[in-house]
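The structure file my_file_13.cif is reproduced below (mmCIF, C-alpha atoms).
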```cif
data_structure
#
loop_
_atom_site.group_PDB
_atom_site.id
_atom_site.type_symbol
_atom_site.label_atom_id
_atom_site.label_comp_id
_atom_site.auth_asym_id
_atom_site.auth_seq_id
_atom_site.Cartn_x
_atom_site.Cartn_y
_atom_site.Cartn_z
ATOM 1 C CA MET A 236 178.845 -41.718 259.340
ATOM 2 C CA LYS A 237 181.327 -43.788 257.385
ATOM 3 C CA ASN A 238 183.334 -40.678 256.510
ATOM 4 C CA ILE A 239 183.352 -39.489 260.123
ATOM 5 C CA ILE A 240 184.771 -42.839 261.272
ATOM 6 C CA THR A 241 187.301 -42.760 258.443
ATOM 7 C CA TYR A 242 188.531 -39.285 259.387
ATOM 8 C CA SER A 243 188.767 -40.305 263.055
ATOM 9 C CA ILE A 244 190.868 -43.363 262.284
ATOM 10 C CA LEU A 245 193.024 -41.296 259.928
ATOM 11 C CA SER A 246 193.698 -38.725 262.651
ATOM 12 C CA ILE A 247 194.676 -41.426 265.157
ATOM 13 C CA LEU A 248 197.012 -43.122 262.699
ATOM 14 C CA LEU A 249 198.709 -39.855 261.844
ATOM 15 C CA ASN A 250 199.342 -39.097 265.504
ATOM 16 C CA ILE A 251 200.683 -42.601 266.127
ATOM 17 C CA THR A 252 202.959 -42.291 263.111
ATOM 18 C CA VAL A 253 204.351 -39.009 264.415
ATOM 19 C CA VAL A 254 204.870 -40.324 267.935
ATOM 20 C CA VAL A 255 206.500 -43.589 266.896
ATOM 21 C CA ASN A 256 208.561 -42.428 263.957
ATOM 22 C CA GLY A 257 208.979 -38.735 264.697
ATOM 23 C CA THR A 258 210.207 -38.932 268.296
ATOM 24 C CA THR A 259 213.958 -39.345 268.437
ATOM 25 C CA ALA A 260 216.296 -39.869 271.372
ATOM 26 C CA PRO A 261 218.450 -36.861 272.236
ATOM 27 C CA SER A 262 221.682 -36.751 270.266
ATOM 28 C CA PHE A 263 224.958 -37.233 272.154
ATOM 29 C CA HIS A 264 226.705 -34.707 269.916
ATOM 30 C CA SER A 265 227.028 -32.181 272.701
ATOM 31 C CA SER A 266 229.998 -30.507 271.104
ATOM 32 C CA SER A 267 228.351 -29.660 267.815
ATOM 33 C CA LEU A 268 228.934 -26.006 267.152
ATOM 34 C CA LEU A 269 226.015 -25.703 264.789
ATOM 35 C CA THR A 270 222.671 -27.337 265.385
ATOM 36 C CA ALA A 271 221.777 -29.540 262.460
ATOM 37 C CA PRO A 272 218.477 -28.654 260.844
ATOM 38 C CA PRO A 273 215.719 -31.153 261.427
ATOM 39 C CA SER A 274 215.331 -33.806 258.790
ATOM 40 C CA SER A 275 212.707 -33.418 256.118
ATOM 41 C CA THR A 276 210.985 -36.558 257.394
ATOM 42 C CA PHE A 277 210.599 -35.140 260.894
ATOM 43 C CA VAL A 278 209.409 -31.778 259.567
ATOM 44 C CA THR A 279 206.873 -33.538 257.372
ATOM 45 C CA LYS A 280 205.486 -35.532 260.283
ATOM 46 C CA LEU A 281 205.460 -32.525 262.556
ATOM 47 C CA SER A 282 203.598 -30.582 259.897
ATOM 48 C CA ILE A 283 201.078 -33.388 259.533
ATOM 49 C CA ARG A 284 200.439 -33.454 263.245
ATOM 50 C CA GLY A 285 200.169 -29.683 263.437
ATOM 51 C CA GLY A 286 197.905 -29.488 260.410
ATOM 52 C CA ALA A 287 200.332 -27.368 258.354
ATOM 53 C CA ILE A 288 200.316 -29.869 255.537
ATOM 54 C CA LEU A 289 196.672 -29.157 254.855
ATOM 55 C CA ASP A 290 195.815 -26.392 252.398
ATOM 56 C CA SER A 291 193.374 -23.674 253.384
ATOM 57 C CA ASP A 292 191.094 -24.660 250.515
ATOM 58 C CA ASP A 293 190.843 -28.194 251.834
ATOM 59 C CA SER A 294 190.080 -27.115 255.384
ATOM 60 C CA GLU A 295 186.454 -26.393 254.472
ATOM 61 C CA TYR A 296 184.938 -29.747 253.729
ATOM 62 C CA ASP A 297 182.191 -30.181 251.130
ATOM 63 C CA PHE A 298 180.048 -32.616 253.081
ATOM 64 C CA ASP A 299 177.791 -33.271 250.113
ATOM 65 C CA SER A 300 180.647 -34.444 247.940
ATOM 66 C CA ASP A 301 182.215 -36.311 250.846
ATOM 67 C CA PHE A 302 179.153 -38.347 251.603
ATOM 68 C CA SER A 303 178.466 -38.930 247.922
ATOM 69 C CA ASP A 304 181.886 -40.353 247.109
ATOM 70 C CA ASP A 305 182.988 -42.750 249.844
ATOM 71 C CA ASP A 306 185.197 -44.794 247.532
ATOM 72 C CA ASP A 307 187.455 -41.830 246.802
ATOM 73 C CA ASP A 308 187.920 -41.282 250.525
ATOM 74 C CA ASP A 309 188.904 -44.896 251.014
ATOM 75 C CA ASP A 310 191.419 -44.664 248.189
ATOM 76 C CA ALA A 311 192.933 -41.520 249.683
ATOM 77 C CA PHE A 312 193.055 -43.222 253.067
ATOM 78 C CA PHE A 313 194.981 -46.222 251.749
ATOM 79 C CA ASP A 314 197.285 -43.983 249.695
ATOM 80 C CA LEU A 315 198.237 -42.134 252.848
ATOM 81 C CA ASN A 316 199.084 -45.396 254.552
ATOM 82 C CA GLU A 317 201.439 -46.208 251.712
ATOM 83 C CA GLU A 318 203.158 -42.872 252.252
ATOM 84 C CA ASP A 319 203.504 -43.703 255.928
ATOM 85 C CA PHE A 320 205.205 -46.966 255.015
ATOM 86 C CA GLU A 321 207.529 -45.056 252.705
ATOM 87 C CA ILE A 322 208.385 -42.671 255.541
ATOM 88 C CA SER A 323 209.134 -45.623 257.825
ATOM 89 C CA ALA A 324 211.387 -47.126 255.193
ATOM 90 C CA GLU A 325 213.137 -43.778 254.891
ATOM 91 C CA ASP A 326 213.686 -43.772 258.674
ATOM 92 C CA ASP A 327 215.260 -47.227 258.466
ATOM 93 C CA PHE A 328 217.516 -45.988 255.699
ATOM 94 C CA ASN A 329 218.481 -42.955 257.788
ATOM 95 C CA GLU A 330 219.434 -45.252 260.665
ATOM 96 C CA ASP A 331 221.720 -47.204 258.356
ATOM 97 C CA THR A 332 223.331 -44.033 257.070
ATOM 98 C CA SER A 333 223.763 -42.800 260.653
ATOM 99 C CA LEU A 334 225.720 -45.938 261.491
ATOM 100 C CA SER A 335 227.849 -45.524 258.387
ATOM 101 C CA ARG A 336 228.497 -41.884 259.288
ATOM 102 C CA PHE A 337 229.563 -42.956 262.764
ATOM 103 C CA MET A 338 231.981 -45.533 261.354
ATOM 104 C CA GLU A 339 233.355 -42.967 258.922
ATOM 105 C CA ALA A 340 233.832 -40.411 261.695
ATOM 106 C CA PHE A 341 235.578 -42.947 263.913
ATOM 107 C CA ALA A 342 237.857 -43.936 261.031
ATOM 108 C CA LYS A 343 238.938 -40.272 260.790
ATOM 109 C CA THR A 344 239.629 -40.052 264.530
ATOM 110 C CA PRO A 345 243.233 -39.030 265.354
ATOM 111 C CA PRO A 346 245.523 -41.993 266.175
ATOM 112 C CA PHE A 347 245.969 -41.505 269.929
ATOM 113 C CA THR A 348 242.264 -40.951 270.577
ATOM 114 C CA LYS A 349 241.283 -43.887 268.378
ATOM 115 C CA ALA A 350 243.684 -46.259 270.148
ATOM 116 C CA TYR A 351 242.579 -45.021 273.565
ATOM 117 C CA MET A 352 238.850 -45.386 272.856
ATOM 118 C CA THR A 353 239.307 -48.822 271.283
ATOM 119 C CA ALA A 354 241.330 -50.086 274.248
ATOM 120 C CA SER A 355 238.738 -48.762 276.699
ATOM 121 C CA PHE A 356 235.883 -50.481 274.878
ATOM 122 C CA ILE A 357 237.746 -53.796 274.730
ATOM 123 C CA ALA A 358 238.682 -53.685 278.427
ATOM 124 C CA THR A 359 235.146 -52.702 279.463
ATOM 125 C CA SER A 360 233.636 -55.450 277.308
ATOM 126 C CA VAL A 361 235.953 -58.032 278.886
ATOM 127 C CA GLY A 362 234.850 -56.856 282.321
ATOM 128 C CA TYR A 363 231.210 -57.040 281.270
ATOM 129 C CA LEU A 364 231.617 -60.649 280.144
ATOM 130 C CA THR A 365 233.942 -61.928 282.872
ATOM 131 C CA SER A 366 233.503 -59.706 285.951
ATOM 132 C CA LYS A 367 229.754 -58.987 286.026
ATOM 133 C CA ASN A 368 230.155 -55.598 284.361
ATOM 134 C CA ASP A 369 233.030 -54.561 286.617
ATOM 135 C CA PHE A 370 236.286 -53.313 285.158
ATOM 136 C CA PRO A 371 238.837 -56.178 285.026
ATOM 137 C CA PRO A 372 240.661 -56.257 288.413
ATOM 138 C CA LEU A 373 243.972 -56.941 286.684
ATOM 139 C CA LEU A 374 243.749 -53.544 284.978
ATOM 140 C CA GLN A 375 242.661 -51.478 287.985
ATOM 141 C CA LEU A 376 245.045 -49.263 289.919
ATOM 142 C CA ASN A 377 246.290 -51.117 292.997
ATOM 143 C CA TRP A 378 249.651 -50.023 294.340
ATOM 144 C CA LYS A 379 250.495 -53.236 296.198
ATOM 145 C CA PRO A 380 250.664 -55.562 293.160
ATOM 146 C CA THR A 381 252.035 -52.673 291.101
ATOM 147 C CA LEU A 382 255.090 -52.356 293.340
ATOM 148 C CA THR A 383 255.515 -55.869 294.713
ATOM 149 C CA ARG A 384 254.683 -57.836 291.564
ATOM 150 C CA LEU A 385 255.899 -55.178 289.117
ATOM 151 C CA GLN A 386 252.507 -54.912 287.421
ATOM 152 C CA LEU A 387 253.531 -51.553 286.054
ATOM 153 C CA TRP A 388 250.702 -51.360 283.551
ATOM 154 C CA ARG A 389 248.084 -50.707 286.225
ATOM 155 C CA PRO A 390 248.559 -46.894 286.497
ATOM 156 C CA ILE A 391 248.104 -46.739 282.728
ATOM 157 C CA THR A 392 245.259 -49.190 282.145
ATOM 158 C CA ALA A 393 243.285 -47.678 285.026
ATOM 159 C CA PHE A 394 242.540 -44.721 282.741
ATOM 160 C CA LEU A 395 240.640 -47.046 280.413
ATOM 161 C CA ASN A 396 237.915 -47.322 283.046
ATOM 162 C CA PHE A 397 234.954 -45.048 282.270
ATOM 163 C CA GLY A 398 232.639 -46.992 284.555
ATOM 164 C CA PRO A 399 230.386 -50.024 283.979
ATOM 165 C CA LEU A 400 228.928 -50.598 280.556
ATOM 166 C CA GLY A 401 225.692 -48.634 280.311
ATOM 167 C CA LEU A 402 224.284 -45.206 279.567
ATOM 168 C CA GLY A 403 226.882 -43.439 281.721
ATOM 169 C CA TYR A 404 229.676 -45.251 279.893
ATOM 170 C CA ILE A 405 228.298 -44.286 276.481
ATOM 171 C CA MET A 406 227.965 -40.622 277.443
ATOM 172 C CA THR A 407 231.483 -40.539 278.927
ATOM 173 C CA CYS A 408 232.860 -42.220 275.803
ATOM 174 C CA HIS A 409 231.273 -39.543 273.683
ATOM 175 C CA PHE A 410 232.690 -36.756 275.827
ATOM 176 C CA VAL A 411 236.184 -38.262 275.731
ATOM 177 C CA TRP A 412 235.999 -39.022 272.011
ATOM 178 C CA THR A 413 234.748 -35.545 271.163
ATOM 179 C CA TYR A 414 237.077 -33.401 273.251
ATOM 180 C CA MET A 415 240.193 -35.555 273.165
ATOM 181 C CA ALA A 416 239.949 -35.833 269.388
ATOM 182 C CA THR A 417 239.394 -32.079 269.068
ATOM 183 C CA LEU A 418 242.421 -31.260 271.206
ATOM 184 C CA GLU A 419 244.530 -33.765 269.284
ATOM 185 C CA ARG A 420 243.475 -32.214 265.970
ATOM 186 C CA LEU A 421 244.313 -28.743 267.232
ATOM 187 C CA ASN A 422 247.845 -29.996 267.907
ATOM 188 C CA HIS A 423 248.184 -31.835 264.609
ATOM 189 C CA ALA A 424 251.334 -29.886 263.697
ATOM 190 C CA ALA A 425 252.950 -30.609 267.077
ATOM 191 C CA PRO A 426 251.221 -33.691 268.524
ATOM 192 C CA TYR A 427 253.903 -34.025 271.200
ATOM 193 C CA ASP A 428 252.297 -31.050 272.974
ATOM 194 C CA PHE A 429 249.080 -33.043 273.112
ATOM 195 C CA TRP A 430 250.938 -36.075 274.496
ATOM 196 C CA VAL A 431 252.467 -33.929 277.233
ATOM 197 C CA MET A 432 249.007 -32.622 278.118
ATOM 198 C CA ILE A 433 247.662 -36.178 278.498
ATOM 199 C CA LEU A 434 250.716 -37.213 280.524
ATOM 200 C CA PHE A 435 250.335 -34.205 282.809
ATOM 201 C CA GLY A 436 246.659 -34.949 283.413
ATOM 202 C CA CYS A 437 247.197 -38.652 284.112
ATOM 203 C CA ALA A 438 250.248 -38.136 286.348
ATOM 204 C CA SER A 439 248.593 -35.376 288.370
ATOM 205 C CA MET A 440 245.493 -37.491 288.933
ATOM 206 C CA VAL A 441 247.411 -40.580 290.033
ATOM 207 C CA ALA A 442 249.603 -38.537 292.377
ATOM 208 C CA GLY A 443 246.748 -36.381 293.665
ATOM 209 C CA TYR A 444 244.420 -39.255 294.398
ATOM 210 C CA SER A 445 247.179 -41.203 296.127
ATOM 211 C CA CYS A 446 248.190 -38.257 298.309
ATOM 212 C CA LEU A 447 244.579 -37.477 299.243
ATOM 213 C CA GLY A 448 243.760 -41.114 299.913
ATOM 214 C CA LEU A 449 240.957 -41.163 297.338
ATOM 215 C CA SER A 450 239.942 -44.288 295.475
ATOM 216 C CA PRO A 451 240.863 -43.948 291.791
ATOM 217 C CA ARG A 452 237.946 -46.043 290.557
ATOM 218 C CA PHE A 453 237.020 -44.327 287.294
ATOM 219 C CA LEU A 454 240.185 -42.555 286.238
ATOM 220 C CA GLY A 455 239.069 -42.511 282.617
ATOM 221 C CA HIS A 456 235.890 -40.713 283.591
ATOM 222 C CA ASN A 457 237.864 -38.171 285.614
ATOM 223 C CA LEU A 458 240.297 -37.675 282.740
ATOM 224 C CA SER A 459 237.340 -36.693 280.575
ATOM 225 C CA THR A 460 236.590 -33.822 282.973
ATOM 226 C CA PHE A 461 240.202 -32.704 282.664
ATOM 227 C CA LEU A 462 239.911 -32.746 278.862
ATOM 228 C CA VAL A 463 236.584 -30.900 278.828
ATOM 229 C CA TYR A 464 238.005 -28.152 281.041
ATOM 230 C CA VAL A 465 241.104 -27.688 278.865
ATOM 231 C CA TRP A 466 238.915 -27.632 275.751
ATOM 232 C CA SER A 467 236.573 -25.070 277.300
ATOM 233 C CA ARG A 468 239.457 -22.742 278.102
ATOM 234 C CA TYR A 469 240.614 -22.824 274.495
ATOM 235 C CA HIS A 470 237.072 -22.055 273.284
ATOM 236 C CA GLU A 471 235.835 -19.520 275.822
ATOM 237 C CA GLY A 472 232.741 -17.650 274.676
ATOM 238 C CA MET A 473 231.756 -20.256 272.117
ATOM 239 C CA GLU A 474 228.180 -21.543 272.201
ATOM 240 C CA VAL A 475 227.822 -25.310 272.538
ATOM 241 C CA ASN A 476 224.689 -27.301 271.820
ATOM 242 C CA MET A 477 223.789 -29.813 274.535
ATOM 243 C CA PHE A 478 222.046 -32.925 273.223
ATOM 244 C CA GLU A 479 220.093 -30.831 270.707
ATOM 245 C CA LEU A 480 218.109 -29.447 273.675
ATOM 246 C CA PHE A 481 219.689 -26.139 274.655
ATOM 247 C CA ASN A 482 222.786 -24.021 274.134
ATOM 248 C CA THR A 483 225.386 -23.060 276.698
ATOM 249 C CA ARG A 484 228.771 -21.381 276.674
ATOM 250 C CA ALA A 485 231.895 -23.499 276.446
ATOM 251 C CA GLU A 486 233.223 -22.436 279.848
ATOM 252 C CA MET A 487 230.079 -23.824 281.507
ATOM 253 C CA LEU A 488 230.542 -27.278 280.016
ATOM 254 C CA PRO A 489 232.787 -28.763 282.777
ATOM 255 C CA TRP A 490 230.231 -27.806 285.410
ATOM 256 C CA PHE A 491 227.478 -29.408 283.377
ATOM 257 C CA PHE A 492 229.654 -32.514 283.340
ATOM 258 C CA LEU A 493 229.812 -32.451 287.144
ATOM 259 C CA ALA A 494 226.027 -32.225 287.326
ATOM 260 C CA GLN A 495 225.729 -35.181 284.951
ATOM 261 C CA THR A 496 227.965 -37.269 287.200
ATOM 262 C CA PHE A 497 225.908 -36.367 290.251
ATOM 263 C CA LEU A 498 222.618 -37.260 288.544
ATOM 264 C CA LEU A 499 223.783 -40.539 286.996
ATOM 265 C CA GLU A 500 225.902 -41.868 289.857
ATOM 266 C CA GLY A 501 224.115 -40.311 292.819
ATOM 267 C CA GLU A 502 227.267 -39.109 294.563
ATOM 268 C CA LEU A 503 229.207 -35.888 294.911
ATOM 269 C CA PRO A 504 231.572 -35.510 291.908
ATOM 270 C CA VAL A 505 234.691 -34.920 294.022
ATOM 271 C CA LEU A 506 237.000 -36.707 291.589
ATOM 272 C CA ASP A 507 235.587 -34.828 288.617
ATOM 273 C CA LEU A 508 236.140 -31.604 290.512
ATOM 274 C CA LEU A 509 239.794 -32.559 290.907
ATOM 275 C CA GLY A 510 239.903 -33.103 287.146
ATOM 276 C CA ILE A 511 238.826 -29.474 286.716
ATOM 277 C CA VAL A 512 241.473 -28.350 289.218
ATOM 278 C CA PHE A 513 244.234 -30.231 287.404
ATOM 279 C CA GLY A 514 242.973 -28.896 284.077
ATOM 280 C CA HIS A 515 243.183 -25.348 285.426
ATOM 281 C CA ILE A 516 246.743 -25.959 286.650
ATOM 282 C CA TYR A 517 247.756 -27.335 283.251
ATOM 283 C CA HIS A 518 246.203 -24.411 281.365
ATOM 284 C CA HIS A 519 247.953 -21.929 283.639
ATOM 285 C CA TYR A 520 251.358 -23.597 283.270
ATOM 286 C CA LYS A 521 250.898 -23.938 279.518
ATOM 287 C CA THR A 522 249.856 -20.344 278.878
ATOM 288 C CA THR A 523 252.639 -18.980 281.098
ATOM 289 C CA HIS A 524 255.193 -21.238 279.326
ATOM 290 C CA VAL A 525 256.154 -22.971 282.559
ATOM 291 C CA LEU A 526 255.266 -26.357 281.082
ATOM 292 C CA ARG A 527 257.270 -27.140 277.949
ATOM 293 C CA THR A 528 257.577 -30.234 275.819
ATOM 294 C CA PRO A 529 260.905 -32.035 276.428
ATOM 295 C CA THR A 530 263.414 -31.603 273.636
ATOM 296 C CA PHE A 531 264.091 -35.338 273.346
ATOM 297 C CA LEU A 532 260.415 -35.985 272.535
ATOM 298 C CA ILE A 533 260.432 -33.337 269.791
ATOM 299 C CA ASN A 534 263.641 -34.762 268.355
ATOM 300 C CA TRP A 535 262.217 -38.292 268.378
ATOM 301 C CA TYR A 536 259.085 -37.188 266.552
ATOM 302 C CA ASN A 537 261.140 -35.423 263.854
ATOM 303 C CA SER A 538 263.650 -38.256 263.491
ATOM 304 C CA ASP A 539 263.828 -40.780 260.654
ATOM 305 C CA GLY A 540 263.076 -43.815 262.819
ATOM 306 C CA VAL A 541 260.563 -46.427 261.753
ATOM 307 C CA TYR A 542 258.043 -45.682 264.494
ATOM 308 C CA SER A 543 258.416 -41.905 264.413
ATOM 309 C CA THR A 544 257.959 -41.889 260.644
ATOM 310 C CA ALA A 545 254.834 -44.034 260.911
ATOM 311 C CA VAL A 546 253.388 -41.690 263.543
ATOM 312 C CA ARG A 547 254.164 -38.617 261.433
ATOM 313 C CA GLU A 548 252.383 -40.165 258.461
ATOM 314 C CA LYS A 549 249.211 -40.587 260.504
ATOM 315 C CA TYR A 550 249.247 -36.957 261.598
ATOM 316 C CA LYS A 551 249.992 -35.779 258.068
ATOM 317 C CA LYS A 552 246.517 -36.962 257.090
ATOM 318 C CA ILE A 553 245.037 -34.693 259.750
ATOM 319 C CA SER A 554 247.214 -31.799 258.603
ATOM 320 C CA SER A 555 246.083 -32.289 255.024
ATOM 321 C CA ASP A 556 242.446 -32.087 256.165
ATOM 322 C CA PHE A 557 243.178 -28.710 257.787
ATOM 323 C CA GLU A 558 244.881 -27.496 254.612
ATOM 324 C CA MET A 559 241.842 -28.519 252.524
ATOM 325 C CA GLN A 560 239.609 -26.496 254.809
#
```
Show this structure as structure tokens.
Amino acid sequence: MKNIITYSILSILLNITVVVNGTTAPSFHSSSLLTAPPSSTFVTKLSIRGGAILDSDDSEYDFDSDFSDDDDDDDAFFDLNEEDFEISAEDDFNEDTSLSRFMEAFAKTPPFTKAYMTASFIATSVGYLTSKNDFPPLLQLNWKPTLTRLQLWRPITAFLNFGPLGLGYIMTCHFVWTYMATLERLNHAAPYDFWVMILFGCASMVAGYSCLGLSPRFLGHNLSTFLVYVWSRYHEGMEVNMFELFNTRAEMLPWFFLAQTFLLEGELPVLDLLGIVFGHIYHHYKTTHVLRTPTFLINWYNSDGVYSTAVREKYKKISSDFEMQ
């Protein structure tokens, strides 16, 4: 009877260990081209729960020896608990390394994307602390103070607004960080083309929303849809992993983004749809060579000025990474 109780408790503990330590939240790395293999810790726990860790020879219990040697069973039971504690410690270590990997990845983010994401986080945090999680009113797009009080920064800072701080903000940040950084890296040899793309997207959204009488509340969120669409057109046919749950083709990603907006915000994603429209217009003009980078911007980037030289040095690091690959 003692052994039966021991085995029952052991089974419960193993299942609890798997559920608590083995269940992970879905990853936000939706753009990962290759799905990372599961960690050895997770595989071990999954195998324990499924019984794969047990050998076939051990599956047939010798009840005589079991009931005759209770102390050995107790020792094995406590040894297994120690292994569980070791697994938990390994999970804590993996969390620390995940944070360090995130910091390392952000440190390698291209300069424009890094500055943009940092500014958005600072502005959103200020709104969270001072405006009850609303984006700071001084940074929102409002044409009256923009024109009458010459608050000319408003059409620019409005694109820092991804929405209130929460799950939707985190997911939008990841989308923007992933696809903006990718597009900036692709243009590492001619970053001015990337700047023109961003300027085209922002200008078309501000003008389009104003002409249609739409409220430009979350321009940063809508810009992310523009970026995702442009990225998807450059990577048509490529399979993309969504939150480590399922795979889809790159050209379907903008429409998935629209569905995400509808589910999280509970409203029709009209503004995100306009982001797709403007992204399609940009891609068409770019591929047909209608949209070209101004010559003065190319000359400034290649000049020997202090600022242009500093910018070139930052992009040289990205170019060297491509050369190493």
Leaving out segment 442-449 of chain A and any residue of its chain fewer than 4 positions from it, which residues lie within 9 Å of it when counting only C-alpha atoms, given as a PDB file with C-alpha atoms, in the frame of the given file?
```pdb
ATOM      1  CA  CYS A 437     247.197 -38.652 284.112  1.00  0.00           C
ATOM      2  CA  ALA A 438     250.248 -38.136 286.348  1.00  0.00           C
ATOM      3  CA  LEU A 506     237.000 -36.707 291.589  1.00  0.00           C
ATOM      4  CA  LEU A 509     239.794 -32.559 290.907  1.00  0.00           C
TER       5      LEU A 509
END
```
Given only C-alpha atoms, how would the per-residue table for segment 395-490 of chain A near segment 513-526 of chain A read, listing every residue at most 7 Å away with its closest atom pair and distance in Å to one decimal, sorted by chain and number, as a tab-separated table?
```
residue	atom	partner	partner_atom	distance
A:Gly436	CA	A:Phe513	CA	6.6
A:Ser439	CA	A:Phe513	CA	6.8
A:Phe461	CA	A:Gly514	CA	4.9
A:Tyr464	CA	A:Gly514	CA	5.9
A:Val465	CA	A:Gly514	CA	5.7
```
(message) What's around Phe453 of chain A at 10 Å? Count only C-alpha atoms, leave out sequence neighbours fewer than 6 positions away in its own chain, and write the answer as a VMD selection string.
(response) chain A and resid 370 375 to 376 393 to 399 506 to 507
(request) Kindly indicate which residue among A:Leu488, A:Val505, A:Thr544, A:Leu458 lies nearest to Asn476 of chain A, using only C-alpha atoms for the distances. (result) A:Leu488
(request) For atom CA of Ala416 of chain A and atom CA of Met432 of chain A, quote the distance in Å rounded to one decimal. (result)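 These atoms are spaced 13.0 Å apart.
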Complete the atom set of segment 369-384 of chain A to N, CA, C and O atoms and return it as a JSON list (two decimals), in the frame of the given file.
```json
[["chain", "number", "residue", "atom", "x", "y", "z"],
["A", 369, "ASP", "N", 232.01, -55.31, 285.89],
["A", 369, "ASP", "CA", 233.03, -54.56, 286.62],
["A", 369, "ASP", "C", 234.30, -54.52, 285.77],
["A", 369, "ASP", "O", 234.60, -55.46, 285.05],
["A", 370, "PHE", "N", 235.04, -53.43, 285.91],
["A", 370, "PHE", "CA", 236.29, -53.31, 285.16],
["A", 370, "PHE", "C", 237.24, -54.43, 285.60],
["A", 370, "PHE", "O", 237.31, -54.75, 286.79],
["A", 371, "PRO", "N", 237.96, -55.06, 284.66],
["A", 371, "PRO", "CA", 238.84, -56.18, 285.03],
["A", 371, "PRO", "C", 239.79, -55.82, 286.17],
["A", 371, "PRO", "O", 240.50, -54.81, 286.08],
["A", 372, "PRO", "N", 239.81, -56.59, 287.25],
["A", 372, "PRO", "CA", 240.66, -56.26, 288.41],
["A", 372, "PRO", "C", 242.14, -56.17, 288.06],
["A", 372, "PRO", "O", 242.89, -55.41, 288.67],
["A", 373, "LEU", "N", 242.56, -56.94, 287.07],
["A", 373, "LEU", "CA", 243.97, -56.94, 286.68],
["A", 373, "LEU", "C", 244.40, -55.62, 286.07],
["A", 373, "LEU", "O", 245.60, -55.30, 286.02],
["A", 374, "LEU", "N", 243.43, -54.82, 285.62],
["A", 374, "LEU", "CA", 243.75, -53.54, 284.98],
["A", 374, "LEU", "C", 243.50, -52.35, 285.89],
["A", 374, "LEU", "O", 243.79, -51.21, 285.50],
["A", 375, "GLN", "N", 242.94, -52.58, 287.07],
["A", 375, "GLN", "CA", 242.66, -51.48, 287.98],
["A", 375, "GLN", "C", 243.92, -51.05, 288.72],
["A", 375, "GLN", "O", 244.89, -51.81, 288.84],
["A", 376, "LEU", "N", 243.89, -49.81, 289.21],
["A", 376, "LEU", "CA", 245.04, -49.26, 289.92],
["A", 376, "LEU", "C", 245.06, -49.79, 291.35],
["A", 376, "LEU", "O", 244.18, -49.49, 292.15],
["A", 377, "ASN", "N", 246.08, -50.58, 291.65],
["A", 377, "ASN", "CA", 246.29, -51.12, 293.00],
["A", 377, "ASN", "C", 247.80, -51.09, 293.23],
["A", 377, "ASN", "O", 248.56, -51.80, 292.56],
["A", 378, "TRP", "N", 248.22, -50.26, 294.20],
["A", 378, "TRP", "CA", 249.65, -50.02, 294.34],
["A", 378, "TRP", "C", 250.42, -51.24, 294.85],
["A", 378, "TRP", "O", 251.59, -51.41, 294.54],
["A", 379, "LYS", "N", 249.77, -52.09, 295.64],
["A", 379, "LYS", "CA", 250.50, -53.24, 296.20],
["A", 379, "LYS", "C", 250.99, -54.19, 295.12],
["A", 379, "LYS", "O", 252.19, -54.47, 295.04],
["A", 380, "PRO", "N", 250.13, -54.71, 294.24],
["A", 380, "PRO", "CA", 250.66, -55.56, 293.16],
["A", 380, "PRO", "C", 251.50, -54.78, 292.15],
["A", 380, "PRO", "O", 252.37, -55.36, 291.50],
["A", 381, "THR", "N", 251.24, -53.47, 292.04],
["A", 381, "THR", "CA", 252.04, -52.67, 291.10],
["A", 381, "THR", "C", 253.50, -52.63, 291.53],
["A", 381, "THR", "O", 254.40, -52.76, 290.69],
["A", 382, "LEU", "N", 253.73, -52.49, 292.83],
["A", 382, "LEU", "CA", 255.09, -52.36, 293.34],
["A", 382, "LEU", "C", 255.72, -53.69, 293.70],
["A", 382, "LEU", "O", 256.91, -53.91, 293.45],
["A", 383, "THR", "N", 254.94, -54.60, 294.27],
["A", 383, "THR", "CA", 255.52, -55.87, 294.71],
["A", 383, "THR", "C", 255.62, -56.89, 293.59],
["A", 383, "THR", "O", 256.55, -57.69, 293.56],
["A", 384, "ARG", "N", 254.67, -56.87, 292.67],
["A", 384, "ARG", "CA", 254.68, -57.84, 291.56],
["A", 384, "ARG", "C", 255.06, -57.18, 290.24],
["A", 384, "ARG", "O", 254.98, -57.82, 289.19]]
```
